[in-house]
file input-v9.txt (compact mmCIF, C-alpha atoms and all ligand atoms)
# COMPACT_ATOMS: atom_id res chain seq x y z
CA MET A 244 0.00 0.00 0.00
CA ALA A 245 1.44 3.35 -1.06
CA ALA A 246 -0.86 5.68 0.84
CA GLU A 247 -0.80 6.55 4.52
CA LEU A 248 -4.19 6.32 6.21
CA ILE A 249 -5.75 9.55 7.46
CA ASP A 250 -7.04 8.61 10.90
CA GLY A 251 -10.27 10.54 11.53
CA ASN A 252 -10.74 8.81 14.89
CA ALA A 253 -7.43 10.16 16.17
CA VAL A 254 -8.18 13.71 14.97
CA ALA A 255 -11.66 13.57 16.54
CA ALA A 256 -10.25 12.25 19.85
CA GLU A 257 -7.76 15.13 19.95
CA MET A 258 -10.50 17.69 19.26
CA LEU A 259 -12.81 16.21 21.90
CA ASN A 260 -10.00 16.21 24.43
CA GLU A 261 -9.50 19.93 23.79
CA LEU A 262 -13.24 20.51 24.38
CA LYS A 263 -13.25 18.67 27.74
CA PRO A 264 -12.15 21.57 30.02
CA LYS A 265 -14.49 23.97 28.20
CA ILE A 266 -17.46 21.66 28.76
CA ALA A 267 -16.52 21.22 32.44
CA GLU A 268 -16.15 24.97 32.92
CA LEU A 269 -19.49 25.78 31.25
CA THR A 270 -21.28 23.06 33.22
CA ALA A 271 -19.82 24.30 36.50
CA ALA A 272 -21.10 27.78 35.63
CA GLY A 273 -24.63 26.38 35.09
CA LYS A 274 -24.34 26.61 31.28
CA GLN A 275 -24.03 22.94 30.32
CA PRO A 276 -23.85 22.68 26.50
CA HIS A 277 -27.19 21.32 25.28
CA LEU A 278 -27.85 19.99 21.79
CA ALA A 279 -31.51 19.68 20.75
CA ALA A 280 -32.35 17.63 17.67
CA ILE A 281 -35.63 17.57 15.78
CA ARG A 282 -36.52 14.37 13.94
CA ALA A 283 -39.72 14.35 11.91
CA ASN A 284 -39.36 11.04 10.07
CA ASN A 285 -39.38 7.26 10.51
CA ASP A 286 -36.19 6.81 8.51
CA ALA A 287 -33.98 4.06 9.93
CA GLY A 288 -30.72 5.88 9.08
CA SER A 289 -31.87 9.06 10.80
CA GLY A 290 -33.01 6.99 13.83
CA TRP A 291 -29.60 5.37 14.04
CA TYR A 292 -27.90 8.77 13.72
CA ALA A 293 -30.07 10.28 16.49
CA LYS A 294 -29.21 7.39 18.81
CA ALA A 295 -25.50 7.73 18.04
CA GLN A 296 -25.68 11.48 18.65
CA ALA A 297 -27.35 10.94 22.03
CA GLY A 298 -24.60 8.50 23.06
CA HIS A 299 -21.84 10.78 21.80
CA CYS A 300 -23.24 13.80 23.69
CA GLU A 301 -23.72 11.81 26.89
CA GLU A 302 -20.18 10.44 26.69
CA HIS A 303 -18.77 13.97 26.50
CA GLY A 304 -20.95 15.68 29.11
CA VAL A 305 -23.21 17.48 26.61
CA ARG A 306 -26.97 17.37 27.28
CA TYR A 307 -29.03 15.98 24.39
CA THR A 308 -32.74 16.33 23.72
CA LEU A 309 -34.63 14.73 20.85
CA LYS A 310 -37.93 16.25 19.72
CA GLU A 311 -40.04 14.01 17.48
CA PRO A 312 -43.03 15.85 16.07
CA GLY A 313 -43.87 12.84 13.86
CA ALA A 314 -43.22 11.79 10.28
CA ASP A 315 -46.40 13.54 9.10
CA ALA A 316 -45.73 16.84 10.93
CA SER A 317 -46.49 19.98 8.96
CA GLU A 318 -44.01 22.77 8.31
CA ALA A 319 -45.90 24.96 10.82
CA GLU A 320 -45.69 22.24 13.50
CA ILE A 321 -41.94 21.85 13.01
CA ILE A 322 -41.44 25.64 13.09
CA LYS A 323 -43.37 25.70 16.39
CA VAL A 324 -40.89 23.17 17.84
CA ILE A 325 -37.94 25.21 16.48
CA ASN A 326 -39.33 28.38 18.06
CA GLU A 327 -39.73 26.66 21.43
CA LEU A 328 -36.10 25.55 21.27
CA ASN A 329 -34.96 29.00 20.07
CA ASN A 330 -36.64 30.51 23.13
CA ASP A 331 -35.43 27.88 25.62
CA PRO A 332 -32.41 29.40 27.40
CA SER A 333 -31.14 25.92 28.36
CA VAL A 334 -30.74 24.93 24.67
CA SER A 335 -27.41 25.92 23.13
CA ALA A 336 -27.75 24.47 19.64
CA ILE A 337 -30.42 23.00 17.38
CA LEU A 338 -30.13 20.36 14.66
CA LEU A 339 -32.69 19.30 12.08
CA HIS A 340 -32.69 15.66 10.98
CA LEU A 341 -33.33 14.69 7.37
CA PRO A 342 -35.42 13.50 5.61
CA LEU A 343 -38.25 15.94 6.29
CA PRO A 344 -41.94 15.12 5.82
CA SER A 345 -43.17 15.75 2.28
CA GLY A 346 -44.26 19.34 1.77
CA CYS A 347 -41.66 20.74 4.16
CA ASP A 348 -39.14 23.20 2.74
CA TYR A 349 -35.67 22.50 4.21
CA LEU A 350 -34.42 26.05 3.67
CA LYS A 351 -37.50 27.58 5.30
CA LEU A 352 -37.03 25.35 8.37
CA VAL A 353 -33.28 25.95 8.66
CA ASN A 354 -33.98 29.68 8.36
CA ALA A 355 -36.31 29.42 11.38
CA ILE A 356 -33.42 28.23 13.60
CA ALA A 357 -31.79 31.13 15.46
CA PRO A 358 -28.44 31.57 13.66
CA GLU A 359 -26.56 31.60 16.98
CA LYS A 360 -28.12 28.18 17.81
CA ASP A 361 -27.29 26.63 14.42
CA ALA A 362 -25.56 23.36 15.47
CA GLU A 363 -24.62 22.31 11.95
CA GLY A 364 -23.47 25.68 10.62
CA VAL A 365 -25.98 25.51 7.75
CA HIS A 366 -28.14 28.57 8.46
CA PRO A 367 -27.96 30.92 5.45
CA GLN A 368 -26.57 33.69 7.70
CA ASN A 369 -23.69 31.45 8.80
CA LEU A 370 -23.05 30.20 5.26
CA GLY A 371 -23.06 33.86 4.18
CA ALA A 372 -20.44 34.65 6.81
CA LEU A 373 -18.30 31.85 5.40
CA LEU A 374 -18.61 33.34 1.92
CA ALA A 375 -17.98 36.90 3.09
CA THR A 376 -15.09 36.26 5.44
CA GLY A 377 -13.76 32.81 4.48
CA ASN A 378 -14.51 31.76 8.02
CA SER A 379 -17.58 30.97 10.08
CA ASP A 380 -18.36 29.88 13.59
CA PRO A 381 -20.41 27.72 13.40
CA ALA A 382 -19.14 26.21 10.15
CA PRO A 383 -20.83 23.28 8.37
CA CYS A 384 -19.59 20.23 10.28
CA THR A 385 -18.94 17.80 7.40
CA ALA A 386 -17.24 20.40 5.21
CA ILE A 387 -14.98 21.77 7.92
CA GLY A 388 -14.29 18.22 9.15
CA ALA A 389 -13.11 17.11 5.70
CA VAL A 390 -10.95 20.22 5.31
CA GLU A 391 -9.51 19.73 8.82
CA LEU A 392 -8.30 16.27 7.73
CA VAL A 393 -6.61 17.79 4.67
CA LYS A 394 -5.03 20.50 6.86
CA ARG A 395 -3.55 17.88 9.20
CA ILE A 396 -1.66 16.40 6.23
CA ARG A 397 -0.84 19.58 4.34
CA PRO A 398 -1.45 22.75 6.39
CA ASP A 399 -0.13 24.99 3.63
CA LEU A 400 -2.05 24.53 0.40
CA ASN A 401 -0.22 27.25 -1.55
CA GLY A 402 0.12 26.02 -5.11
CA ALA A 403 -2.05 22.94 -4.56
CA LYS A 404 -4.91 22.08 -6.89
CA ALA A 405 -7.84 20.90 -4.78
CA LEU A 406 -10.98 19.24 -6.13
CA VAL A 407 -14.28 19.05 -4.29
CA LEU A 408 -16.72 16.57 -5.81
CA GLY A 409 -20.25 17.68 -4.91
CA ARG A 410 -21.72 21.18 -4.83
CA SER A 411 -24.38 21.02 -2.12
CA ALA A 412 -24.82 24.12 0.05
CA ILE A 413 -23.97 22.20 3.21
CA VAL A 414 -20.97 20.07 2.14
CA GLY A 415 -19.43 20.69 -1.30
CA LYS A 416 -19.64 24.48 -1.59
CA PRO A 417 -18.49 25.26 1.97
CA ALA A 418 -15.63 22.74 1.65
CA ALA A 419 -14.53 24.51 -1.52
CA LEU A 420 -14.64 27.91 0.22
CA LEU A 421 -12.66 26.61 3.19
CA LEU A 422 -9.99 25.17 0.86
CA LEU A 423 -9.84 28.45 -1.05
CA ASN A 424 -9.27 30.21 2.25
CA LEU A 425 -6.26 27.95 2.76
CA ASN A 426 -4.89 29.20 -0.59
CA ALA A 427 -5.64 26.10 -2.63
CA SER A 428 -6.67 26.56 -6.25
CA VAL A 429 -10.10 24.98 -6.11
CA MET A 430 -12.07 23.00 -8.67
CA ILE A 431 -15.66 21.88 -8.02
CA GLY A 432 -17.02 18.78 -9.75
CA HIS A 433 -20.67 17.75 -9.98
CA SER A 434 -22.98 15.49 -11.96
CA ARG A 435 -22.34 17.39 -15.21
CA SER A 436 -18.52 17.40 -14.85
CA ASP A 437 -15.83 15.26 -16.41
CA VAL A 438 -14.93 13.82 -13.02
CA ALA A 439 -12.01 11.71 -14.30
CA ALA A 440 -10.29 14.69 -15.95
CA LEU A 441 -10.71 16.85 -12.84
CA CYS A 442 -9.41 14.10 -10.54
CA ARG A 443 -6.26 13.54 -12.60
CA GLU A 444 -5.31 17.21 -12.01
CA ALA A 445 -5.98 17.20 -8.28
CA ASP A 446 -3.39 17.20 -5.49
CA VAL A 447 -6.29 17.07 -3.01
CA ILE A 448 -9.69 15.42 -3.50
CA ILE A 449 -12.66 15.78 -1.16
CA ALA A 450 -15.31 13.42 -2.52
CA ALA A 451 -18.83 14.26 -1.28
CA THR A 452 -21.38 13.05 -3.82
CA GLY A 453 -23.21 9.89 -2.78
CA ALA A 454 -23.19 9.19 -6.55
CA ALA A 455 -23.63 5.42 -6.30
CA ALA A 456 -26.63 5.83 -3.98
CA VAL A 457 -28.25 8.19 -6.49
CA ILE A 458 -27.66 5.67 -9.31
CA TRP A 459 -29.07 2.83 -7.18
CA SER A 460 -32.22 4.70 -6.15
CA ARG A 461 -32.95 5.69 -9.78
CA TYR A 462 -32.33 2.14 -10.98
CA LYS A 463 -34.48 0.61 -8.21
CA ARG A 464 -37.37 2.93 -9.09
CA ALA A 465 -37.12 1.94 -12.78
CA LEU A 466 -36.87 -1.76 -11.88
CA ASP A 467 -39.93 -1.54 -9.56
CA ASN A 468 -41.89 0.26 -12.31
CA TYR A 469 -40.92 -2.42 -14.81
CA LYS A 470 -42.08 -5.14 -12.42
CA ALA A 471 -45.36 -3.28 -11.98
CA GLY A 472 -45.84 -3.39 -15.75
CA LYS A 473 -44.85 0.26 -16.25
CA GLY A 474 -41.95 1.01 -18.59
CA GLU A 475 -39.00 -0.85 -20.06
CA LYS A 476 -36.62 -3.06 -18.11
CA PRO A 477 -33.69 -0.79 -17.16
CA ALA A 478 -30.16 -1.73 -18.23
CA PRO A 479 -28.14 -2.95 -15.20
CA CYS A 480 -26.57 -0.01 -13.42
CA ASP A 481 -22.94 0.52 -12.45
CA LEU A 482 -22.57 0.76 -8.66
CA THR A 483 -18.77 0.94 -8.65
CA PRO A 484 -17.30 3.95 -6.82
CA LEU A 485 -17.23 7.29 -8.65
CA VAL A 486 -13.51 7.87 -8.14
CA LYS A 487 -11.45 5.01 -9.60
CA ALA A 488 -7.76 4.40 -9.05
CA ASP A 489 -6.78 5.36 -12.61
CA MET A 490 -8.22 8.84 -12.00
CA VAL A 491 -5.98 9.47 -8.96
CA LYS A 492 -2.84 11.58 -9.28
CA PRO A 493 0.07 9.76 -7.61
CA GLY A 494 0.61 11.12 -4.10
CA ALA A 495 -2.78 12.87 -3.89
CA ILE A 496 -4.54 13.48 -0.56
CA ILE A 497 -8.02 11.92 -0.64
CA VAL A 498 -10.79 12.55 1.88
CA ASP A 499 -13.85 10.44 1.11
CA VAL A 500 -16.98 11.89 2.67
CA GLY A 501 -19.48 9.98 0.52
CA VAL A 502 -21.85 7.50 2.14
CA ASN A 503 -23.64 5.16 -0.25
CA HIS A 504 -26.10 2.58 1.09
CA ILE A 505 -26.22 0.26 -1.89
CA PRO A 506 -26.49 -3.47 -2.69
CA LYS A 507 -23.29 -5.48 -2.44
CA ALA A 508 -23.79 -6.75 -5.98
CA LEU A 509 -26.26 -7.21 -8.81
CA ASP A 510 -26.68 -10.61 -10.48
CA GLU A 511 -26.56 -11.27 -14.24
CA ASN A 512 -30.23 -10.21 -14.51
CA GLY A 513 -29.57 -6.90 -12.83
CA GLU A 514 -31.30 -8.05 -9.61
CA PRO A 515 -29.63 -7.26 -6.27
CA VAL A 516 -28.01 -10.33 -4.69
CA LEU A 517 -29.82 -11.53 -1.55
CA ASN A 518 -28.30 -12.47 1.81
CA ASP A 519 -28.96 -15.77 3.62
CA LYS A 520 -32.11 -14.25 5.17
CA GLY A 521 -33.56 -13.59 1.72
CA LYS A 522 -33.11 -9.80 2.01
CA VAL A 523 -31.08 -7.62 -0.36
CA ALA A 524 -27.46 -7.77 0.84
CA MET A 525 -26.63 -4.08 1.42
CA GLN A 526 -23.37 -2.30 2.18
CA TYR A 527 -22.12 1.19 3.01
CA ALA A 528 -19.59 2.32 0.42
CA GLY A 529 -17.72 5.58 -0.11
CA ASP A 530 -17.33 7.62 -3.30
CA VAL A 531 -13.76 6.41 -3.80
CA ASP A 532 -12.49 2.94 -4.70
CA PHE A 533 -10.44 2.74 -1.50
CA GLU A 534 -8.69 -0.59 -2.11
CA ALA A 535 -7.31 0.42 -5.50
CA ALA A 536 -6.86 4.17 -4.85
CA LYS A 537 -4.74 3.55 -1.74
CA GLU A 538 -2.05 2.09 -3.99
CA ILE A 539 -1.75 5.42 -5.86
CA ALA A 540 -2.66 8.15 -3.36
CA GLY A 541 -0.24 9.65 -0.82
CA HIS A 542 -2.84 9.90 1.97
CA ILE A 543 -6.37 8.56 2.08
CA THR A 544 -9.15 8.35 4.67
CA SER A 545 -9.87 4.86 5.89
CA PRO A 546 -13.44 3.62 5.22
CA LYS A 547 -13.83 3.12 8.98
CA GLY A 548 -13.00 6.20 11.05
CA GLY A 549 -12.55 8.63 8.17
CA SER A 550 -14.48 11.89 8.09
CA GLY A 551 -17.51 10.72 10.16
CA PRO A 552 -15.91 11.02 13.63
CA VAL A 553 -14.50 14.46 12.77
CA THR A 554 -17.95 15.64 11.61
CA ASN A 555 -19.31 14.52 15.00
CA ALA A 556 -16.51 16.30 16.84
CA PHE A 557 -17.29 19.55 14.99
CA LEU A 558 -20.97 19.16 15.88
CA LEU A 559 -20.02 19.04 19.57
CA ARG A 560 -17.59 21.93 19.09
CA ASN A 561 -20.33 24.05 17.50
CA THR A 562 -22.64 23.18 20.42
CA VAL A 563 -20.01 24.03 23.04
CA ASN A 564 -19.10 27.32 21.32
CA ALA A 565 -22.80 28.21 21.14
CA ALA A 566 -23.16 27.56 24.87
CA ALA A 567 -20.13 29.72 25.56
CA ARG A 568 -21.59 32.58 23.50
CA MET A 569 -24.92 32.53 25.37
P1 LIG B 1 -26.36 16.12 -1.98
O1 LIG B 1 -27.01 17.34 -1.48
O2 LIG B 1 -27.19 15.02 -2.55
O3 LIG B 1 -25.30 16.56 -3.11
C1 LIG B 1 -24.61 15.62 -3.85
C2 LIG B 1 -23.69 16.31 -4.82
O4 LIG B 1 -22.98 15.30 -5.53
C3 LIG B 1 -24.41 17.16 -5.87
O5 LIG B 1 -23.73 18.38 -6.05
C4 LIG B 1 -24.36 16.30 -7.14
O6 LIG B 1 -24.22 17.03 -8.34
C5 LIG B 1 -23.07 15.53 -6.92
N1 LIG B 1 -23.12 14.27 -7.66
C6 LIG B 1 -24.08 13.30 -7.63
N2 LIG B 1 -23.80 12.33 -8.51
C7 LIG B 1 -22.62 12.67 -9.10
C8 LIG B 1 -21.82 12.07 -10.09
N3 LIG B 1 -22.14 10.90 -10.68
N4 LIG B 1 -20.69 12.71 -10.47
C9 LIG B 1 -20.33 13.88 -9.90
N5 LIG B 1 -21.05 14.49 -8.95
C10 LIG B 1 -22.19 13.90 -8.56
O7 LIG B 1 -25.47 15.42 -0.86
P2 LIG B 1 -24.67 16.08 0.38
O8 LIG B 1 -25.61 16.35 1.51
O9 LIG B 1 -23.78 17.15 -0.10
O10 LIG B 1 -23.78 14.83 0.84
C11 LIG B 1 -22.80 14.32 -0.02
C12 LIG B 1 -22.33 12.96 0.45
O11 LIG B 1 -21.75 13.09 1.73
C13 LIG B 1 -23.47 11.94 0.61
O12 LIG B 1 -22.99 10.66 0.27
C14 LIG B 1 -23.77 12.00 2.09
O13 LIG B 1 -24.33 10.78 2.57
C15 LIG B 1 -22.38 12.22 2.64
N6 LIG B 1 -22.34 12.84 3.97
C16 LIG B 1 -21.39 12.38 4.81
C17 LIG B 1 -21.27 12.95 6.06
C18 LIG B 1 -20.17 12.46 6.98
O14 LIG B 1 -20.09 12.89 8.11
N7 LIG B 1 -19.29 11.59 6.50
C19 LIG B 1 -22.14 13.94 6.48
C20 LIG B 1 -23.08 14.43 5.58
C21 LIG B 1 -23.16 13.87 4.32
P3 LIG B 1 -25.39 17.98 -8.91
O15 LIG B 1 -25.34 19.21 -8.08
O16 LIG B 1 -25.00 18.21 -10.31
O17 LIG B 1 -26.66 17.20 -8.76

call {"tool": "encode", "arguments": {"input": "input-v9.txt", "output": "structure tokens", "more": "lines below"}}
Ligand code: NAP
result
Amino acid sequence: MAAELIDGNAVAAEMLNELKPKIAELTAAGKQPHLAAIRANNDAGSGWYAKAQAGHCEEHGVRYTLKEPGADASEAEIIKVINELNNDPSVSAILLHLPLPSGCDYLKLVNAIAPEKDAEGVHPQNLGALLATGNSDPAPCTAIGAVELVKRIRPDLNGAKALVLGRSAIVGKPAALLLLNLNASVMIGHSRSDVAALCREADVIIAATGAAAVIWSRYKRALDNYKAGKGEKPAPCDLTPLVKADMVKPGAIIVDVGVNHIPKALDENGEPVLNDKGKVAMQYAGDVDFEAAKEIAGHITSPKGGSGPVTNAFLLRNTVNAAARM
């Protein structure tokens, strides 16, 4: 293996250790950091995430509250919960779980969160501060987490060509701005880009697309329609990672943020392979072909303990900083 692993667990542990005395001090002063999450869905992934968040907060002395207005809650009902949390002096920071019930506008709901209680750094005012100043507190957790991992390997990005794959407002765009602020020359790739050509140029890649999951969900829909007698049988889809080893510049730094919940394999008829319980055998995969890319890259995040733990550490840091500001 050519590449060194970027250990997100170690970076997160260091960050959480630095937060410890701050949390103790705030708690002693009667201002215990308190993260409140709102979950208006029955999604299993979001349920798992909420449980993990609760455990993470508890482990680090941060209070955690989960509000569950229900998977069929209206926009007005969710805004009512947000307003209660905005006005609750014990709550330092607020987080909104996805997916939202149908008919709810994400931007409208995020806008209802008081910007100073924005746990994830995704309120338009905070994103605007990032654009205007190159810095924001709170900053979007996943974006700043990915860039923090790059910084640990190469703090000075003068002269480096950095590529961010993905242009969402909460991950891709802020990651690109943060890299620009570190003096990288930044390229942004998306679904209409020649990803291979951009990758071959890049000294740094932050991959944040979930491309394989998008392909799988489109394919599954088409397959289900076909089985229901609607439409043509779709051609088998390609669920291999977006970033392949032959796209990687030797020595590149790769941070893989992508999370793709996809089948392990499709059979010769394009049907997902089943496990021994007769269910589709699923896996979590990144955006990068880790096994092959690690032979070419200089540094690469490991599939276990990559950017996820650092995202979580930034979420706690945003919560603690919010408590300190109150
Ligand atoms: P998102 O809002 O769905 O945005 C995905 C972006 O990827 C879009 O800009 C899209 O391009 C681009 N994209 C999709 N397919 C592509 C393809 N084939 N080639 C190139 N670009 C493609 O997702 P997000 O919220 O930014 O999250 C991105 C990924 O990070 C997801 O996998 C998500 O699960 C993961 N994530 C990880 C963490 C963590 O802590 N590790 C946290 C949050 C999210 P267009 O704009 O052209 O459609």

call {"tool": "residues_around", "arguments": {"input": "input-v9.txt", "residues": "A:Thr376", "least_positions_apart": "4", "cutoff": "12 Å", "atoms": "only C-alpha atoms", "output": "ChimeraX atom specification"}}
result
/A:368-372,380,382,420-421,423-424

call {"tool": "residues_near_point", "arguments": {"input": "input-v9.txt", "point": "(-8.6, 22.1, 2.6)", "cutoff": "8 Å", "atoms": "all atoms listed in the file", "output": "JSON, numbers by chain"}}
result
{"A": [389, 390, 391, 392, 393, 394, 400, 405, 418, 419, 421, 422, 423, 425, 427, 447]}

call {"tool": "write_last_selection", "arguments": {"input": "input-v9.txt", "atoms": "C-alpha atoms", "output": "CSV table (one decimal), in the coordinates of the input"}}
result
chain,number,residue,atom,x,y,z
A,389,ALA,CA,-13.1,17.1,5.7
A,390,VAL,CA,-11.0,20.2,5.3
A,391,GLU,CA,-9.5,19.7,8.8
A,392,LEU,CA,-8.3,16.3,7.7
A,393,VAL,CA,-6.6,17.8,4.7
A,394,LYS,CA,-5.0,20.5,6.9
A,400,LEU,CA,-2.0,24.5,0.4
A,405,ALA,CA,-7.8,20.9,-4.8
A,418,ALA,CA,-15.6,22.7,1.6
A,419,ALA,CA,-14.5,24.5,-1.5
A,421,LEU,CA,-12.7,26.6,3.2
A,422,LEU,CA,-10.0,25.2,0.9
A,423,LEU,CA,-9.8,28.4,-1.0
A,425,LEU,CA,-6.3,28.0,2.8
A,427,ALA,CA,-5.6,26.1,-2.6
A,447,VAL,CA,-6.3,17.1,-3.0

call {"tool": "residues_near_ligand", "arguments": {"input": "input-v9.txt", "ligand": "ligand LIG 1 (chain B)", "cutoff": "7 Å", "atoms": "all atoms listed in the file", "output": "VMD selection string"}}
result
chain A and resid 385 408 to 411 413 to 415 432 to 436 438 451 to 454 457 485 500 to 503 550 to 551 554

call {"tool": "atom_distance", "arguments": {"input": "input-v9.txt", "atom1": "atom CA of A:Leu558", "atom2": "atom CA of A:Cys347"}}
result
23.8 Å

call {"tool": "residues_around", "arguments": {"input": "input-v9.txt", "residues": "stretch 508-513 of chain A", "least_positions_apart": "3", "cutoff": "10 Å", "atoms": "all atoms listed in the file", "output": "PyMOL selection string"}}
result
chain A and resi 462+466+476-483+505+516-517+523-526

call {"tool": "atom_distance", "arguments": {"input": "input-v9.txt", "atom1": "atom CA of A:Asp499", "atom2": "atom CA of A:Pro381"}}
result
22.2 Å

call {"tool": "residues_near_point", "arguments": {"input": "input-v9.txt", "point": "(-16.7, 22.4, 19.5)", "cutoff": "9 Å", "atoms": "all atoms listed in the file", "output": "short mmCIF file (atom, residue, chain, number, x, y, z; two decimals) with C-alpha atoms, keeping the file's coordinate frame"}}
result
data_model
loop_
_atom_site.label_atom_id
_atom_site.label_comp_id
_atom_site.auth_asym_id
_atom_site.auth_seq_id
_atom_site.Cartn_x
_atom_site.Cartn_y
_atom_site.Cartn_z
CA MET A 258 -10.50 17.69 19.26
CA LEU A 259 -12.81 16.21 21.90
CA GLU A 261 -9.50 19.93 23.79
CA LEU A 262 -13.24 20.51 24.38
CA PRO A 381 -20.41 27.72 13.40
CA ALA A 556 -16.51 16.30 16.84
CA PHE A 557 -17.29 19.55 14.99
CA LEU A 558 -20.97 19.16 15.88
CA LEU A 559 -20.02 19.04 19.57
CA ARG A 560 -17.59 21.93 19.09
CA ASN A 561 -20.33 24.05 17.50
CA THR A 562 -22.64 23.18 20.42
CA VAL A 563 -20.01 24.03 23.04
CA ASN A 564 -19.10 27.32 21.32
CA ALA A 565 -22.80 28.21 21.14
#

call {"tool": "residues_around", "arguments": {"input": "input-v9.txt", "residues": "A:Ala295", "least_positions_apart": "6", "cutoff": "10 Å", "atoms": "all atoms listed in the file", "output": "VMD selection string"}}
result
chain A and resid 289 301 555

call {"tool": "atom_distance", "arguments": {"input": "input-v9.txt", "atom1": "atom CA of A:Ile539", "atom2": "atom CA of A:Lys404"}}
result
17.0 Å

call {"tool": "closest_residue", "arguments": {"input": "input-v9.txt", "among": "A:Ile321, A:Ala279, A:Ala455, A:Val305", "to": "A:Val334", "atoms": "all atoms listed in the file"}}
result
A:Ala279

call {"tool": "closest_residue", "arguments": {"input": "input-v9.txt", "among": "A:Ser335, A:Asn468, A:Asn260, A:Ser545", "to": "A:Arg568", "atoms": "all atoms listed in the file"}}
result
A:Ser335

call {"tool": "build_atoms", "arguments": {"input": "input-v9.txt", "residues": "stretch 398-403 of chain A", "atoms": "all heavy atoms", "output": "short mmCIF file (atom, residue, chain, number, x, y, z; two decimals), in the frame of the given file"}}
result
data_model
loop_
_atom_site.label_atom_id
_atom_site.label_comp_id
_atom_site.auth_asym_id
_atom_site.auth_seq_id
_atom_site.Cartn_x
_atom_site.Cartn_y
_atom_site.Cartn_z
N PRO A 398 -0.87 21.51 5.86
CA PRO A 398 -1.45 22.75 6.39
C PRO A 398 -1.35 23.91 5.39
O PRO A 398 -2.20 24.78 5.38
CB PRO A 398 -0.61 23.05 7.63
CG PRO A 398 0.23 21.85 7.87
CD PRO A 398 0.26 21.02 6.65
N ASP A 399 -0.32 23.88 4.58
CA ASP A 399 -0.13 24.99 3.63
C ASP A 399 -0.49 24.49 2.22
O ASP A 399 0.20 23.64 1.66
CB ASP A 399 1.35 25.41 3.70
CG ASP A 399 1.66 26.50 2.71
OD1 ASP A 399 0.76 26.89 1.94
OD2 ASP A 399 2.81 26.96 2.70
N LEU A 400 -1.57 25.02 1.70
CA LEU A 400 -2.05 24.53 0.40
C LEU A 400 -1.66 25.49 -0.74
O LEU A 400 -2.22 25.40 -1.84
CB LEU A 400 -3.56 24.31 0.43
CG LEU A 400 -4.01 23.11 1.28
CD1 LEU A 400 -5.53 23.08 1.41
CD2 LEU A 400 -3.52 21.78 0.70
N ASN A 401 -0.70 26.36 -0.47
CA ASN A 401 -0.22 27.25 -1.55
C ASN A 401 0.20 26.40 -2.74
O ASN A 401 0.95 25.44 -2.59
CB ASN A 401 1.02 28.03 -1.09
CG ASN A 401 0.67 29.14 -0.14
OD1 ASN A 401 -0.51 29.45 0.03
ND2 ASN A 401 1.67 29.73 0.50
N GLY A 402 -0.30 26.73 -3.89
CA GLY A 402 0.12 26.02 -5.11
C GLY A 402 -0.58 24.71 -5.36
O GLY A 402 -0.40 24.11 -6.41
N ALA A 403 -1.39 24.25 -4.37
CA ALA A 403 -2.05 22.94 -4.56
C ALA A 403 -3.35 23.10 -5.35
O ALA A 403 -4.08 24.09 -5.19
CB ALA A 403 -2.37 22.33 -3.19
#
